[in-house]
Amino acid sequence: MSTNSPIFNTKLITNVVKANISSGLSLINGPANVLNAHNAQAKILFLKTCKKSVKLPGVSFSNYLPERFLLHDTSLETNLCTLCKNPNILQCDLTSIAFNRENSNRIKSIMINVLGEEKLDEYLDVVYETYVNCDDTLDQRGTFRVFLIYAISNPGNIENEENWLVAFLIDPFHLVCPVGYKNVSNEDAMKKKYKDIQCYTEDLGIAFKKEFENIDFKELDII
């Protein structure tokens, strides 16, 4: 690890009731376990795992893409290109992942495949999900999701302590935490979407190689 890289440590915030000014992140009124970092000083960092696609048929998950020309002028292309140009959009509308929920074992298995079991266990209480939707339907969340870890560099050092949101997984099809619609259950919606996209073979890092050049991706061992 470079000597210029931040040194991270976990900092539990899921039980915070009032705004924690020293952390730079605060909770606002709203649904339980929702973190608002819109006005925070949290810095964004991307792990190299973000640009490596994963396919896990056993849990109906994949973030492989169709060939790039098929994505031209789609919301997926718009969202990912916007994310590369302005990573700070990940500071908005963060929702914590509760691993005691239904389907939590499936979610864990996906994230373990990306982070490894030991690393996920270390940061289990500070995993967050946010959405990116730069399409015309601004009143909707769309399907593009990014998963992040909230971490602290130089913890306890008042002058140098910094807040970081570390992105580790891009989920363009909303398959990590799928949501049903109308009379379709979460599980059925997940299976249908996976069936639709399971034939895709284009890796994220290849499909958006040029756009990803704007991001300084870090190795997993930085956290």
# chains A, B, ... in the order shown; residues from 1 in each chain; ligands from 1

$ select_by_dssp --residues "range 10-220 of chain A" --states "alpha helix (DSSP H)" --output "PyMOL selection string"
chain A and resi 75-85+104-115+117-122+186-197+204-207+209-212

$ select_by_dssp --residues "range 11-193 of chain A" --states "strand (DSSP E or B)" --output "number ranges by chain"
A: 20, 25-27, 34-36, 43-47, 55-56, 61-62, 65, 94-96, 127-131, 145-153, 162-171, 181, 184

$ atom_distance --atom1 "CA of Tyr194 in chain A" --atom2 "CA of Leu175 in chain A"
7.6 Å

$ residues_around --residues "Ser62 in chain A" --least-positions-apart "2" --cutoff "12 Å" --atoms "only C-alpha atoms" --output "ChimeraX atom specification"
/A:52-60,64-66,110,113-114,169-176,190-191,193-204

$ atom_distance --atom1 "CA of Cys81 in chain A" --atom2 "CA of Phe208 in chain A"
8.2 Å

$ atom_distance --atom1 "CA of Asp73 in chain A" --atom2 "CA of Leu94 in chain A"
26.6 Å

$ closest_residue --among "A:Glu117, A:Glu213, A:Glu67, A:Glu77" --to "Val132 in chain A" --atoms "only C-alpha atoms"
A:Glu77

$ residues_around --residues "Leu76 in chain A" --least-positions-apart "3" --cutoff "8 Å" --atoms "only C-alpha atoms" --output "list in words"
Leu71, Asn79, Leu80, Phe144 and Pro172 of chain A

$ closest_residue --among "A:Gly205, A:Gly142, A:Gly156, A:Gly180" --to "Ser75 in chain A" --atoms "only C-alpha atoms"
A:Gly142

$ residues_around --residues "range 163-166 of chain A" --least-positions-apart "3" --cutoff "6 Å" --atoms "only C-alpha atoms" --output "list in words"
Ala42, Lys43, Ile44, Leu45, Phe46, Leu148, Ile149, Tyr150, Ala151 and Ile152 of chain A

$ write_last_selection --atoms "N, CA, C and O atoms" --output "PDB file, in the first residue's frame"
ATOM      1  N   ALA A  42     -17.558  13.844   3.223  1.00  0.00           N
ATOM      2  CA  ALA A  42     -17.065  12.506   2.913  1.00  0.00           C
ATOM      3  C   ALA A  42     -16.449  12.480   1.520  1.00  0.00           C
ATOM      4  O   ALA A  42     -17.015  13.002   0.567  1.00  0.00           O
ATOM      5  N   LYS A  43     -15.288  11.858   1.415  1.00  0.00           N
ATOM      6  CA  LYS A  43     -14.622  11.719   0.129  1.00  0.00           C
ATOM      7  C   LYS A  43     -15.011  10.380  -0.495  1.00  0.00           C
ATOM      8  O   LYS A  43     -15.318   9.422   0.208  1.00  0.00           O
ATOM      9  N   ILE A  44     -14.995  10.328  -1.816  1.00  0.00           N
ATOM     10  CA  ILE A  44     -15.373   9.119  -2.535  1.00  0.00           C
ATOM     11  C   ILE A  44     -14.125   8.398  -3.022  1.00  0.00           C
ATOM     12  O   ILE A  44     -13.194   9.017  -3.549  1.00  0.00           O
ATOM     13  N   LEU A  45     -14.115   7.090  -2.842  1.00  0.00           N
ATOM     14  CA  LEU A  45     -13.012   6.264  -3.311  1.00  0.00           C
ATOM     15  C   LEU A  45     -13.598   5.005  -3.954  1.00  0.00           C
ATOM     16  O   LEU A  45     -14.582   4.460  -3.471  1.00  0.00           O
ATOM     17  N   PHE A  46     -12.999   4.565  -5.053  1.00  0.00           N
ATOM     18  CA  PHE A  46     -13.472   3.372  -5.754  1.00  0.00           C
ATOM     19  C   PHE A  46     -12.447   2.251  -5.641  1.00  0.00           C
ATOM     20  O   PHE A  46     -11.259   2.458  -5.904  1.00  0.00           O
ATOM     21  N   LEU A 148     -21.438   0.677  -1.083  1.00  0.00           N
ATOM     22  CA  LEU A 148     -20.285   1.363  -0.512  1.00  0.00           C
ATOM     23  C   LEU A 148     -20.072   0.967   0.941  1.00  0.00           C
ATOM     24  O   LEU A 148     -20.990   0.497   1.621  1.00  0.00           O
ATOM     25  N   ILE A 149     -18.860   1.214   1.408  1.00  0.00           N
ATOM     26  CA  ILE A 149     -18.504   1.076   2.815  1.00  0.00           C
ATOM     27  C   ILE A 149     -18.205   2.467   3.353  1.00  0.00           C
ATOM     28  O   ILE A 149     -17.545   3.266   2.690  1.00  0.00           O
ATOM     29  N   TYR A 150     -18.726   2.760   4.547  1.00  0.00           N
ATOM     30  CA  TYR A 150     -18.384   4.022   5.210  1.00  0.00           C
ATOM     31  C   TYR A 150     -17.179   3.763   6.098  1.00  0.00           C
ATOM     32  O   TYR A 150     -17.210   2.898   6.975  1.00  0.00           O
ATOM     33  N   ALA A 151     -16.098   4.487   5.873  1.00  0.00           N
ATOM     34  CA  ALA A 151     -14.859   4.252   6.614  1.00  0.00           C
ATOM     35  C   ALA A 151     -14.249   5.572   7.069  1.00  0.00           C
ATOM     36  O   ALA A 151     -14.571   6.639   6.547  1.00  0.00           O
ATOM     37  N   ILE A 152     -13.376   5.471   8.051  1.00  0.00           N
ATOM     38  CA  ILE A 152     -12.688   6.630   8.615  1.00  0.00           C
ATOM     39  C   ILE A 152     -11.192   6.467   8.408  1.00  0.00           C
ATOM     40  O   ILE A 152     -10.637   5.401   8.665  1.00  0.00           O
TER      41      ILE A 152
END
